[in-house]
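Next up, coords.pdb (PDB, C-alpha atoms, pLDDT in the B column):
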```
ATOM      1  CA  MET A 164     -14.558   0.655  20.500  1.00 79.00           C
ATOM      2  CA  GLN A 165     -14.360  -2.904  19.166  1.00 90.00           C
ATOM      3  CA  LYS A 166     -11.835  -3.037  16.328  1.00 97.00           C
ATOM      4  CA  ILE A 167     -11.362  -6.797  15.857  1.00 97.00           C
ATOM      5  CA  TYR A 168     -13.351  -8.471  13.076  1.00 97.00           C
ATOM      6  CA  GLY A 169     -13.706 -12.145  12.276  1.00 97.00           C
ATOM      7  CA  SER A 170     -12.677 -12.042   8.612  1.00 97.00           C
ATOM      8  CA  ALA A 171     -11.506  -9.760   5.823  1.00 98.00           C
ATOM      9  CA  ALA A 172     -15.004  -9.811   4.324  1.00 97.00           C
ATOM     10  CA  GLU A 173     -16.524  -8.651   7.608  1.00 98.00           C
ATOM     11  CA  ALA A 174     -13.919  -5.901   7.954  1.00 98.00           C
ATOM     12  CA  LEU A 175     -14.707  -4.562   4.463  1.00 98.00           C
ATOM     13  CA  ASP A 176     -18.458  -4.674   4.988  1.00 97.00           C
ATOM     14  CA  GLY A 177     -20.081  -1.299   4.411  1.00 97.00           C
ATOM     15  CA  LEU A 178     -16.894   0.378   3.202  1.00 98.00           C
ATOM     16  CA  VAL A 179     -16.491  -0.554  -0.469  1.00 98.00           C
ATOM     17  CA  PHE A 180     -18.115   1.151  -3.440  1.00 98.00           C
ATOM     18  CA  ASP A 181     -17.418   1.481  -7.145  1.00 98.00           C
ATOM     19  CA  GLY A 182     -14.933   4.203  -8.035  1.00 98.00           C
ATOM     20  CA  MET A 183     -13.351   4.358  -4.575  1.00 98.00           C
ATOM     21  CA  THR A 184      -9.687   5.116  -3.857  1.00 98.00           C
ATOM     22  CA  ILE A 185      -7.499   2.722  -1.862  1.00 98.00           C
ATOM     23  CA  ALA A 186      -3.986   2.992  -0.408  1.00 98.00           C
ATOM     24  CA  ALA A 187      -2.342  -0.438  -0.155  1.00 98.00           C
ATOM     25  CA  GLY A 188       0.776  -1.137   1.872  1.00 96.00           C
ATOM     26  CA  GLY A 189       3.654  -3.411   0.954  1.00 94.00           C
ATOM     27  CA  PHE A 190       6.701  -3.498  -1.288  1.00 90.00           C
ATOM     28  CA  GLY A 191       6.886  -6.127  -3.988  1.00 84.00           C
ATOM     29  CA  LEU A 192       5.281  -9.086  -2.217  1.00 88.00           C
ATOM     30  CA  CYS A 193       6.648  -8.132   1.204  1.00 90.00           C
ATOM     31  CA  GLY A 194       4.084  -6.908   3.695  1.00 93.00           C
ATOM     32  CA  ILE A 195       1.131  -6.842   1.314  1.00 95.00           C
ATOM     33  CA  PRO A 196      -2.437  -7.104   2.683  1.00 96.00           C
ATOM     34  CA  GLU A 197      -3.141 -10.306   0.732  1.00 95.00           C
ATOM     35  CA  LEU A 198      -6.242 -11.350   2.703  1.00 97.00           C
ATOM     36  CA  LEU A 199      -7.928  -7.989   2.229  1.00 98.00           C
ATOM     37  CA  ILE A 200      -7.024  -8.003  -1.467  1.00 97.00           C
ATOM     38  CA  ASP A 201      -8.660 -11.424  -1.842  1.00 97.00           C
ATOM     39  CA  ALA A 202     -11.751 -10.110  -0.075  1.00 98.00           C
ATOM     40  CA  LEU A 203     -11.878  -7.091  -2.387  1.00 98.00           C
ATOM     41  CA  VAL A 204     -11.865  -9.447  -5.359  1.00 98.00           C
ATOM     42  CA  GLU A 205     -14.854 -11.261  -3.891  1.00 97.00           C
ATOM     43  CA  THR A 206     -16.844  -8.033  -3.437  1.00 98.00           C
ATOM     44  CA  GLY A 207     -16.774  -7.371  -7.172  1.00 97.00           C
ATOM     45  CA  VAL A 208     -16.189  -3.653  -6.553  1.00 98.00           C
ATOM     46  CA  LYS A 209     -14.905  -1.969  -9.724  1.00 97.00           C
ATOM     47  CA  ASP A 210     -13.302   1.185 -11.152  1.00 98.00           C
ATOM     48  CA  LEU A 211     -10.805   1.290  -8.285  1.00 98.00           C
ATOM     49  CA  THR A 212      -7.966   3.769  -8.025  1.00 98.00           C
ATOM     50  CA  ILE A 213      -5.188   2.162  -6.009  1.00 98.00           C
ATOM     51  CA  ALA A 214      -2.045   3.821  -4.677  1.00 98.00           C
ATOM     52  CA  SER A 215       0.660   1.248  -3.991  1.00 97.00           C
ATOM     53  CA  ASN A 216       4.367   0.885  -4.603  1.00 94.00           C
ATOM     54  CA  ASN A 217       3.614  -1.771  -7.233  1.00 91.00           C
ATOM     55  CA  CYS A 218       0.753  -3.948  -8.426  1.00 92.00           C
ATOM     56  CA  GLY A 219       1.786  -7.374  -7.209  1.00 88.00           C
ATOM     57  CA  VAL A 220       2.638 -10.110  -9.690  1.00 89.00           C
ATOM     58  CA  ASP A 221       0.524 -12.107 -12.111  1.00 88.00           C
ATOM     59  CA  GLY A 222      -2.109 -13.954 -10.109  1.00 90.00           C
ATOM     60  CA  PHE A 223      -1.081 -12.754  -6.646  1.00 92.00           C
ATOM     61  CA  GLY A 224      -1.496  -9.658  -4.519  1.00 92.00           C
ATOM     62  CA  LEU A 225      -2.972  -6.707  -6.364  1.00 95.00           C
ATOM     63  CA  GLY A 226      -2.409  -8.721  -9.533  1.00 94.00           C
ATOM     64  CA  LYS A 227      -5.622 -10.577  -8.663  1.00 95.00           C
ATOM     65  CA  LEU A 228      -7.593  -7.333  -8.933  1.00 97.00           C
ATOM     66  CA  LEU A 229      -5.951  -6.734 -12.307  1.00 95.00           C
ATOM     67  CA  ASP A 230      -6.995 -10.169 -13.510  1.00 95.00           C
ATOM     68  CA  THR A 231     -10.629  -9.379 -12.723  1.00 96.00           C
ATOM     69  CA  LYS A 232     -10.284  -5.873 -14.214  1.00 96.00           C
ATOM     70  CA  GLN A 233     -11.487  -4.197 -11.038  1.00 98.00           C
ATOM     71  CA  ILE A 234      -8.714  -1.586 -11.141  1.00 98.00           C
ATOM     72  CA  LYS A 235      -9.235   1.523 -13.247  1.00 98.00           C
ATOM     73  CA  LYS A 236      -6.072   3.419 -12.249  1.00 98.00           C
ATOM     74  CA  MET A 237      -2.797   2.690 -10.452  1.00 97.00           C
ATOM     75  CA  ILE A 238      -0.660   5.286  -8.679  1.00 97.00           C
ATOM     76  CA  SER A 239       2.681   3.497  -8.406  1.00 96.00           C
ATOM     77  CA  SER A 240       6.446   3.756  -8.540  1.00 93.00           C
ATOM     78  CA  TYR A 241       7.325   0.288  -9.887  1.00 88.00           C
ATOM     79  CA  VAL A 242       5.236  -2.025 -12.050  1.00 83.00           C
ATOM     80  CA  GLY A 243       7.833  -4.177 -13.777  1.00 77.00           C
ATOM     81  CA  GLU A 244       6.903  -7.631 -12.472  1.00 79.00           C
ATOM     82  CA  ASN A 245       3.399  -7.967 -13.880  1.00 87.00           C
ATOM     83  CA  ALA A 246       2.773  -8.977 -17.491  1.00 90.00           C
ATOM     84  CA  GLU A 247      -0.985  -8.392 -17.217  1.00 93.00           C
ATOM     85  CA  PHE A 248      -0.325  -4.880 -15.938  1.00 92.00           C
ATOM     86  CA  MET A 249       1.792  -4.181 -19.017  1.00 92.00           C
ATOM     87  CA  ARG A 250      -0.831  -5.631 -21.342  1.00 94.00           C
ATOM     88  CA  GLN A 251      -3.688  -3.584 -19.840  1.00 95.00           C
ATOM     89  CA  TYR A 252      -1.659  -0.377 -19.783  1.00 94.00           C
ATOM     90  CA  LEU A 253      -0.405  -0.674 -23.368  1.00 94.00           C
ATOM     91  CA  SER A 254      -3.903  -1.520 -24.597  1.00 95.00           C
ATOM     92  CA  GLY A 255      -5.378   1.543 -22.870  1.00 95.00           C
ATOM     93  CA  GLU A 256      -7.464  -0.480 -20.405  1.00 96.00           C
ATOM     94  CA  LEU A 257      -5.568   0.777 -17.347  1.00 96.00           C
ATOM     95  CA  GLU A 258      -4.586   4.289 -16.290  1.00 97.00           C
ATOM     96  CA  LEU A 259      -1.171   4.765 -14.691  1.00 95.00           C
ATOM     97  CA  GLU A 260       0.240   7.650 -12.671  1.00 95.00           C
ATOM     98  CA  PHE A 261       3.947   7.130 -12.113  1.00 93.00           C
ATOM     99  CA  ASN A 262       5.490   8.559  -8.933  1.00 95.00           C
ATOM    100  CA  PRO A 263       9.096   8.473  -7.760  1.00 95.00           C
ATOM    101  CA  GLN A 264       9.203   6.049  -4.852  1.00 94.00           C
ATOM    102  CA  GLY A 265      10.020   8.592  -2.164  1.00 96.00           C
ATOM    103  CA  THR A 266       7.433  11.004  -3.544  1.00 97.00           C
ATOM    104  CA  LEU A 267       4.740   8.324  -3.382  1.00 97.00           C
ATOM    105  CA  ALA A 268       5.578   7.500   0.238  1.00 97.00           C
ATOM    106  CA  GLU A 269       5.614  11.188   1.155  1.00 98.00           C
ATOM    107  CA  ARG A 270       2.291  11.844  -0.597  1.00 98.00           C
ATOM    108  CA  MET A 271       0.760   9.190   1.657  1.00 98.00           C
ATOM    109  CA  ARG A 272       2.511  10.451   4.780  1.00 98.00           C
ATOM    110  CA  ALA A 273       1.583  14.055   4.021  1.00 98.00           C
ATOM    111  CA  ALA A 274      -2.103  13.207   3.695  1.00 98.00           C
ATOM    112  CA  GLY A 275      -1.967  11.323   6.985  1.00 97.00           C
ATOM    113  CA  ALA A 276      -0.554  14.449   8.605  1.00 97.00           C
ATOM    114  CA  GLY A 277      -3.230  16.655   7.045  1.00 97.00           C
ATOM    115  CA  ILE A 278      -0.783  18.306   4.623  1.00 98.00           C
ATOM    116  CA  PRO A 279      -2.418  18.992   1.238  1.00 98.00           C
ATOM    117  CA  GLY A 280       0.803  19.520  -0.692  1.00 98.00           C
ATOM    118  CA  PHE A 281       4.580  19.830  -0.519  1.00 98.00           C
ATOM    119  CA  TYR A 282       7.491  20.843  -2.725  1.00 98.00           C
ATOM    120  CA  THR A 283      10.227  18.433  -3.791  1.00 98.00           C
ATOM    121  CA  LYS A 284      13.215  18.524  -6.143  1.00 97.00           C
ATOM    122  CA  THR A 285      12.610  14.931  -7.209  1.00 97.00           C
ATOM    123  CA  GLY A 286      11.399  14.851 -10.800  1.00 96.00           C
ATOM    124  CA  VAL A 287      12.375  18.397 -11.761  1.00 97.00           C
ATOM    125  CA  GLY A 288      13.321  18.472 -15.437  1.00 96.00           C
ATOM    126  CA  THR A 289      11.610  15.150 -16.198  1.00 95.00           C
ATOM    127  CA  GLN A 290       8.147  14.084 -17.393  1.00 93.00           C
ATOM    128  CA  ILE A 291       7.160  13.790 -13.730  1.00 94.00           C
ATOM    129  CA  ALA A 292       7.200  17.594 -13.545  1.00 96.00           C
ATOM    130  CA  ASP A 293       4.973  18.172 -16.577  1.00 95.00           C
ATOM    131  CA  GLY A 294       1.935  20.249 -15.696  1.00 95.00           C
ATOM    132  CA  LYS A 295       2.969  20.752 -12.070  1.00 96.00           C
ATOM    133  CA  GLU A 296       3.621  24.022 -10.312  1.00 98.00           C
ATOM    134  CA  HIS A 297       7.310  24.980 -10.130  1.00 98.00           C
ATOM    135  CA  LYS A 298       8.721  27.192  -7.408  1.00 98.00           C
ATOM    136  CA  ASP A 299      12.228  28.370  -6.540  1.00 98.00           C
ATOM    137  CA  PHE A 300      13.617  28.176  -3.006  1.00 97.00           C
ATOM    138  CA  ASN A 301      17.127  29.497  -2.338  1.00 97.00           C
ATOM    139  CA  GLY A 302      18.014  29.291  -6.011  1.00 97.00           C
ATOM    140  CA  GLU A 303      16.761  25.717  -6.458  1.00 97.00           C
ATOM    141  CA  THR A 304      13.660  24.659  -8.393  1.00 98.00           C
ATOM    142  CA  TYR A 305      11.048  22.430  -6.797  1.00 98.00           C
ATOM    143  CA  ILE A 306       7.737  20.981  -7.969  1.00 98.00           C
ATOM    144  CA  LEU A 307       4.466  20.814  -6.057  1.00 98.00           C
ATOM    145  CA  GLU A 308       3.142  17.360  -5.182  1.00 98.00           C
ATOM    146  CA  THR A 309      -0.222  16.789  -3.517  1.00 98.00           C
ATOM    147  CA  GLY A 310      -1.098  14.579  -0.564  1.00 98.00           C
ATOM    148  CA  LEU A 311      -2.914  11.326  -1.320  1.00 98.00           C
ATOM    149  CA  PHE A 312      -6.189  11.453   0.607  1.00 98.00           C
ATOM    150  CA  MET A 313      -7.816   8.051   0.051  1.00 98.00           C
ATOM    151  CA  ASP A 314     -11.163   6.470   0.907  1.00 98.00           C
ATOM    152  CA  LEU A 315      -9.605   3.327   2.406  1.00 98.00           C
ATOM    153  CA  SER A 316      -6.232   2.081   3.636  1.00 98.00           C
ATOM    154  CA  ILE A 317      -5.408  -1.648   3.646  1.00 98.00           C
ATOM    155  CA  VAL A 318      -2.170  -2.703   5.315  1.00 98.00           C
ATOM    156  CA  LYS A 319      -0.348  -5.720   6.718  1.00 97.00           C
ATOM    157  CA  ALA A 320       1.393  -5.791  10.114  1.00 97.00           C
ATOM    158  CA  TRP A 321       3.077  -8.441  12.243  1.00 97.00           C
ATOM    159  CA  LYS A 322       1.337  -7.764  15.562  1.00 97.00           C
ATOM    160  CA  ALA A 323      -1.480  -5.617  16.835  1.00 98.00           C
ATOM    161  CA  ASP A 324      -2.957  -5.171  20.258  1.00 97.00           C
ATOM    162  CA  GLU A 325      -6.700  -4.884  20.730  1.00 96.00           C
ATOM    163  CA  THR A 326      -6.656  -1.102  20.281  1.00 96.00           C
ATOM    164  CA  GLY A 327      -4.760  -1.303  16.978  1.00 97.00           C
ATOM    165  CA  ASN A 328      -1.235  -0.369  17.993  1.00 98.00           C
ATOM    166  CA  LEU A 329       0.934  -1.978  15.310  1.00 98.00           C
ATOM    167  CA  VAL A 330       4.354  -3.595  15.030  1.00 98.00           C
ATOM    168  CA  PHE A 331       5.735  -4.318  11.565  1.00 97.00           C
ATOM    169  CA  ARG A 332       8.364  -6.999  11.015  1.00 94.00           C
ATOM    170  CA  LYS A 333      11.600  -5.948   9.330  1.00 92.00           C
ATOM    171  CA  THR A 334      11.180  -4.879   5.685  1.00 90.00           C
ATOM    172  CA  ALA A 335       7.393  -5.100   5.917  1.00 91.00           C
ATOM    173  CA  ARG A 336       7.797  -1.713   7.584  1.00 93.00           C
ATOM    174  CA  ASN A 337       8.002  -0.148   4.145  1.00 91.00           C
ATOM    175  CA  PHE A 338       4.941   1.556   2.662  1.00 95.00           C
ATOM    176  CA  ASN A 339       2.611   0.180   5.328  1.00 97.00           C
ATOM    177  CA  PRO A 340       2.899   2.973   7.935  1.00 97.00           C
ATOM    178  CA  PRO A 341       2.328   5.884   5.517  1.00 97.00           C
ATOM    179  CA  ALA A 342      -0.377   3.969   3.625  1.00 98.00           C
ATOM    180  CA  ALA A 343      -2.202   3.296   6.896  1.00 98.00           C
ATOM    181  CA  THR A 344      -2.475   6.980   7.733  1.00 98.00           C
ATOM    182  CA  CYS A 345      -3.883   8.446   4.511  1.00 98.00           C
ATOM    183  CA  GLY A 346      -7.252   6.659   4.265  1.00 98.00           C
ATOM    184  CA  LYS A 347     -10.518   7.787   5.812  1.00 98.00           C
ATOM    185  CA  VAL A 348     -10.725   4.247   7.226  1.00 98.00           C
ATOM    186  CA  CYS A 349      -7.790   1.902   7.860  1.00 98.00           C
ATOM    187  CA  ILE A 350      -8.070  -1.893   7.961  1.00 98.00           C
ATOM    188  CA  VAL A 351      -5.052  -3.911   9.040  1.00 98.00           C
ATOM    189  CA  GLU A 352      -4.466  -7.643   8.767  1.00 98.00           C
ATOM    190  CA  VAL A 353      -1.999  -9.153  11.227  1.00 98.00           C
ATOM    191  CA  GLU A 354      -0.373 -12.440  12.095  1.00 96.00           C
ATOM    192  CA  GLU A 355      -1.050 -12.068  15.808  1.00 97.00           C
ATOM    193  CA  ILE A 356      -3.324 -10.033  18.067  1.00 98.00           C
ATOM    194  CA  VAL A 357      -1.959  -9.590  21.586  1.00 97.00           C
ATOM    195  CA  PRO A 358      -3.623  -8.246  24.750  1.00 96.00           C
ATOM    196  CA  ASN A 359      -3.536  -4.533  25.489  1.00 95.00           C
ATOM    197  CA  GLY A 360      -0.450  -3.559  27.441  1.00 95.00           C
ATOM    198  CA  SER A 361       1.721  -6.399  26.149  1.00 95.00           C
ATOM    199  CA  LEU A 362       3.507  -4.285  23.520  1.00 97.00           C
ATOM    200  CA  ASP A 363       6.419  -2.146  24.646  1.00 96.00           C
ATOM    201  CA  PRO A 364       5.363   1.445  23.812  1.00 96.00           C
ATOM    202  CA  ASP A 365       8.853   2.108  22.445  1.00 96.00           C
ATOM    203  CA  HIS A 366       8.450  -0.757  19.963  1.00 95.00           C
ATOM    204  CA  ILE A 367       5.134   0.377  18.461  1.00 97.00           C
ATOM    205  CA  HIS A 368       5.606   1.535  14.874  1.00 97.00           C
ATOM    206  CA  LEU A 369       2.112   2.938  14.295  1.00 97.00           C
ATOM    207  CA  PRO A 370      -0.307   4.031  17.042  1.00 97.00           C
ATOM    208  CA  GLY A 371      -3.795   2.602  17.118  1.00 97.00           C
ATOM    209  CA  ILE A 372      -5.406   6.016  16.550  1.00 97.00           C
ATOM    210  CA  TYR A 373      -4.927   5.392  12.817  1.00 97.00           C
ATOM    211  CA  VAL A 374      -6.470   1.904  12.831  1.00 98.00           C
ATOM    212  CA  ASN A 375     -10.221   1.311  12.589  1.00 98.00           C
ATOM    213  CA  ARG A 376     -10.528  -2.429  11.948  1.00 98.00           C
ATOM    214  CA  ILE A 377      -8.255  -5.446  12.544  1.00 98.00           C
ATOM    215  CA  ILE A 378      -8.297  -9.018  11.282  1.00 98.00           C
ATOM    216  CA  GLN A 379      -5.994 -11.920  12.070  1.00 97.00           C
ATOM    217  CA  GLY A 380      -5.176 -14.657   9.579  1.00 91.00           C
ATOM    218  CA  GLU A 381      -2.734 -17.011   7.915  1.00 89.00           C
ATOM    219  CA  HIS A 382      -0.548 -15.600   5.157  1.00 87.00           C
ATOM    220  CA  GLU A 383       1.172 -17.226   2.213  1.00 83.00           C
ATOM    221  CA  LYS A 384       4.223 -14.904   2.272  1.00 76.00           C
ATOM    222  CA  ARG A 385       5.169 -15.769  -1.284  1.00 78.00           C
ATOM    223  CA  ILE A 386       8.729 -15.047  -2.442  1.00 77.00           C
ATOM    224  CA  GLU A 387       8.777 -12.745  -5.462  1.00 76.00           C
ATOM    225  CA  LYS A 388      12.042 -14.013  -6.917  1.00 76.00           C
ATOM    226  CA  VAL A 389      13.928 -17.012  -5.532  1.00 77.00           C
ATOM    227  CA  THR A 390      17.654 -16.283  -5.896  1.00 81.00           C
ATOM    228  CA  THR A 391      19.204 -18.994  -3.722  1.00 81.00           C
ATOM    229  CA  ARG A 392      21.900 -21.305  -5.056  1.00 80.00           C
ATOM    230  CA  SER A 393      21.400 -25.045  -5.414  1.00 77.00           C
ATOM    231  CA  ARG A 394      22.811 -27.203  -2.624  1.00 76.00           C
ATOM    232  CA  LYS A 395      25.373 -28.664  -5.018  1.00 74.00           C
ATOM    233  CA  THR A 396      26.624 -25.235  -6.103  1.00 69.00           C
ATOM    234  CA  ALA A 397      26.689 -23.945  -2.534  1.00 62.00           C
ATOM    235  CA  ALA A 398      28.771 -26.911  -1.418  1.00 62.00           C
TER     236      ALA A 398
END
```

Would you write out, as structure tokens, the structure that this file holds?
Amino acid sequence: MQKIYGSAAEALDGLVFDGMTIAAGGFGLCGIPELLIDALVETGVKDLTIASNNCGVDGFGLGKLLDTKQIKKMISSYVGENAEFMRQYLSGELELEFNPQGTLAERMRAAGAGIPGFYTKTGVGTQIADGKEHKDFNGETYILETGLFMDLSIVKAWKADETGNLVFRKTARNFNPPAATCGKVCIVEVEEIVPNGSLDPDHIHLPGIYVNRIIQGEHEKRIEKVTTRSRKTAA
């Protein structure tokens, strides 16, 4: 089956619809599927529910979908770098479901493994636990969390072969693998597509069985916060 597409727009063709749910990989601005996000903006699709660690920054990443008000709800663990996110949430324009970071990753992973729910101690005794089933195991209380089964997964990898086997580079191997597994369809954007057989099987981070469509492109790789010293200070 041919998985390689010529552009992000081509890869999204036939998959997007108003009110759909999307799992997006990345952490901060590291490993985010920026080309696919740009293409989603261009489709004009609206009322999106997006599960992602955060929502980008103002004017970049998922922040672009906020600017165009295409997002109805975010399922996230950290949203502190986006002023427009704060404005929309406080004004009631945007729904927000907060998840502890590990819980969010596990909800994605669980769905990818076909697991509808799991119990965790994280969040017990906090607002996170409100309205959720509680159950005791060996004298400890746990809460029930559900798997995140999404319509579409969009992720960013370093390399892919022609069948979709993926290699992620360093910290970009964050939310991308679990996000890739929990969508009905997974689209991945990569920096390089290599011939089949050229990737060491022991170095593959996600097998191609999870990947439906692949695009290759140039990426901005913006730095979220520059914290380097000046040359004069460093000297």

Run the PyMOL selection byres ((chain A and resi 173-190) around 6) mentally over the shown coordinates, then write out the matched residues as a list in words, using the chain letters and numbers from the document.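 This file, filtered by the PyMOL selection byres ((chain A and resi 173-190) around 6), leaves Tyr168, Ser170, Ala171, Ala172, Gly191, Leu192, Cys193, Gly194, Ile195, Val208, Lys209, Asp210, Leu211, Thr212, Ile213, Ala214, Ser215, Asn216, Met313, Asp314, Leu315, Ser316, Ile317, Val318, Phe338, Asn339 and Ala342 of chain A.
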
I need the residue set behind the PyMOL selection byres ((chain A and resi 377-381) around 12) for this file; please write it as a PyMOL selection string. chain A and resi 164-175+196-199+202+316-329+348-357+371+373-376+382-384

Could you write those residues out with C-alpha atoms, as a PDB file, in the coordinates of the input?
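Result written to again20.pdb:
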```pdb
ATOM      1  CA  MET A 164     -14.558   0.655  20.500  1.00 79.00           C
ATOM      2  CA  GLN A 165     -14.360  -2.904  19.166  1.00 90.00           C
ATOM      3  CA  LYS A 166     -11.835  -3.037  16.328  1.00 97.00           C
ATOM      4  CA  ILE A 167     -11.362  -6.797  15.857  1.00 97.00           C
ATOM      5  CA  TYR A 168     -13.351  -8.471  13.076  1.00 97.00           C
ATOM      6  CA  GLY A 169     -13.706 -12.145  12.276  1.00 97.00           C
ATOM      7  CA  SER A 170     -12.677 -12.042   8.612  1.00 97.00           C
ATOM      8  CA  ALA A 171     -11.506  -9.760   5.823  1.00 98.00           C
ATOM      9  CA  ALA A 172     -15.004  -9.811   4.324  1.00 97.00           C
ATOM     10  CA  GLU A 173     -16.524  -8.651   7.608  1.00 98.00           C
ATOM     11  CA  ALA A 174     -13.919  -5.901   7.954  1.00 98.00           C
ATOM     12  CA  LEU A 175     -14.707  -4.562   4.463  1.00 98.00           C
ATOM     13  CA  PRO A 196      -2.437  -7.104   2.683  1.00 96.00           C
ATOM     14  CA  GLU A 197      -3.141 -10.306   0.732  1.00 95.00           C
ATOM     15  CA  LEU A 198      -6.242 -11.350   2.703  1.00 97.00           C
ATOM     16  CA  LEU A 199      -7.928  -7.989   2.229  1.00 98.00           C
ATOM     17  CA  ALA A 202     -11.751 -10.110  -0.075  1.00 98.00           C
ATOM     18  CA  SER A 316      -6.232   2.081   3.636  1.00 98.00           C
ATOM     19  CA  ILE A 317      -5.408  -1.648   3.646  1.00 98.00           C
ATOM     20  CA  VAL A 318      -2.170  -2.703   5.315  1.00 98.00           C
ATOM     21  CA  LYS A 319      -0.348  -5.720   6.718  1.00 97.00           C
ATOM     22  CA  ALA A 320       1.393  -5.791  10.114  1.00 97.00           C
ATOM     23  CA  TRP A 321       3.077  -8.441  12.243  1.00 97.00           C
ATOM     24  CA  LYS A 322       1.337  -7.764  15.562  1.00 97.00           C
ATOM     25  CA  ALA A 323      -1.480  -5.617  16.835  1.00 98.00           C
ATOM     26  CA  ASP A 324      -2.957  -5.171  20.258  1.00 97.00           C
ATOM     27  CA  GLU A 325      -6.700  -4.884  20.730  1.00 96.00           C
ATOM     28  CA  THR A 326      -6.656  -1.102  20.281  1.00 96.00           C
ATOM     29  CA  GLY A 327      -4.760  -1.303  16.978  1.00 97.00           C
ATOM     30  CA  ASN A 328      -1.235  -0.369  17.993  1.00 98.00           C
ATOM     31  CA  LEU A 329       0.934  -1.978  15.310  1.00 98.00           C
ATOM     32  CA  VAL A 348     -10.725   4.247   7.226  1.00 98.00           C
ATOM     33  CA  CYS A 349      -7.790   1.902   7.860  1.00 98.00           C
ATOM     34  CA  ILE A 350      -8.070  -1.893   7.961  1.00 98.00           C
ATOM     35  CA  VAL A 351      -5.052  -3.911   9.040  1.00 98.00           C
ATOM     36  CA  GLU A 352      -4.466  -7.643   8.767  1.00 98.00           C
ATOM     37  CA  VAL A 353      -1.999  -9.153  11.227  1.00 98.00           C
ATOM     38  CA  GLU A 354      -0.373 -12.440  12.095  1.00 96.00           C
ATOM     39  CA  GLU A 355      -1.050 -12.068  15.808  1.00 97.00           C
ATOM     40  CA  ILE A 356      -3.324 -10.033  18.067  1.00 98.00           C
ATOM     41  CA  VAL A 357      -1.959  -9.590  21.586  1.00 97.00           C
ATOM     42  CA  GLY A 371      -3.795   2.602  17.118  1.00 97.00           C
ATOM     43  CA  TYR A 373      -4.927   5.392  12.817  1.00 97.00           C
ATOM     44  CA  VAL A 374      -6.470   1.904  12.831  1.00 98.00           C
ATOM     45  CA  ASN A 375     -10.221   1.311  12.589  1.00 98.00           C
ATOM     46  CA  ARG A 376     -10.528  -2.429  11.948  1.00 98.00           C
ATOM     47  CA  HIS A 382      -0.548 -15.600   5.157  1.00 87.00           C
ATOM     48  CA  GLU A 383       1.172 -17.226   2.213  1.00 83.00           C
ATOM     49  CA  LYS A 384       4.223 -14.904   2.272  1.00 76.00           C
TER      50      LYS A 384
END
```

Mind checking which residues fall within 8 Å of A:Ile200, counting only C-alpha atoms, ignoring those fewer than 5 positions away in the same chain, and posting them as a list in words? Gly224, Leu225, Lys227 and Leu228 of chain A

Kindly provide, as a list in words, the polymer residues lying within 7 Å of (-3.1, -0.7, -12.4), counting all atoms listed in the file and using the coordinates exactly as they appear in the file. Cys218, Leu229, Ile234, Lys235, Lys236, Met237, Phe248, Leu257, Glu258 and Leu259 of chain A

So, with all atoms listed in the file as the atoms that count, which of A:Val242, A:Glu205, A:Ile278, A:Phe300 lies closest to A:Asn217?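 Counting all atoms listed in the file, the residue closest to A:Asn217 is A:Val242.
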
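Reported to one decimal place, the separation of atom CA of A:Tyr241 from atom CA of A:Lys298 is 27.1 Å.
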
Using all atoms listed in the file, the residue out of A:Gly294, A:Gly226, A:Gly346, A:Gly310 with shortest distance to A:Pro279 is A:Gly310

For A:Val287, work out the shell of residues within 8 Å, counting all atoms listed in the file and skipping chain neighbours fewer than 4 positions away, then give it as JSON, numbers by chain. {"A": [291, 292, 304, 305, 306]}

Let me see the file: selected residues, C-alpha atoms, as a short mmCIF file (atom, residue, chain, number, x, y, z; two decimals), in the coordinates of the input.
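Wrote result_17.cif, looks like this:
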```cif
data_model
loop_
_atom_site.label_atom_id
_atom_site.label_comp_id
_atom_site.auth_asym_id
_atom_site.auth_seq_id
_atom_site.Cartn_x
_atom_site.Cartn_y
_atom_site.Cartn_z
CA ILE A 291 7.16 13.79 -13.73
CA ALA A 292 7.20 17.59 -13.54
CA THR A 304 13.66 24.66 -8.39
CA TYR A 305 11.05 22.43 -6.80
CA ILE A 306 7.74 20.98 -7.97
#
```

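Among the candidates A:Glu269, A:Asp230, A:Asp201, A:Glu387, the residue lying nearest to A:Glu247 is A:Asp230 (atoms considered: all atoms listed in the file).
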
Write out as a list in words which residues come within 6 Å of A:Cys345 when counting all atoms listed in the file, dropping same-chain ones fewer than 4 positions away.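 Contacts, with the query itself left out: Met271, Ala274, Gly275, Phe312 and Met313 of chain A.
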
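Relative to atom CA of A:Thr283, atom CA of A:Glu296 is found at 10.8 Å.
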
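For the pair atom CA of A:Phe261 and atom CA of A:Arg385, the interatomic distance is 25.4 Å.
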
Residues picked by the PyMOL selection byres ((chain A and resi 266) around 10) here, as a list in words? Ser240, Asn262, Pro263, Gln264, Gly265, Leu267, Ala268, Glu269, Arg270, Met271, Arg272, Phe281, Tyr282, Thr283, Lys284, Thr285, Gly286, Glu308, Thr309 and Gly310 of chain A

Which of A:His297, A:Arg250, A:Lys347, A:Lys333 sits closest to A:Leu311 [using only C-alpha atoms]: A:Lys347
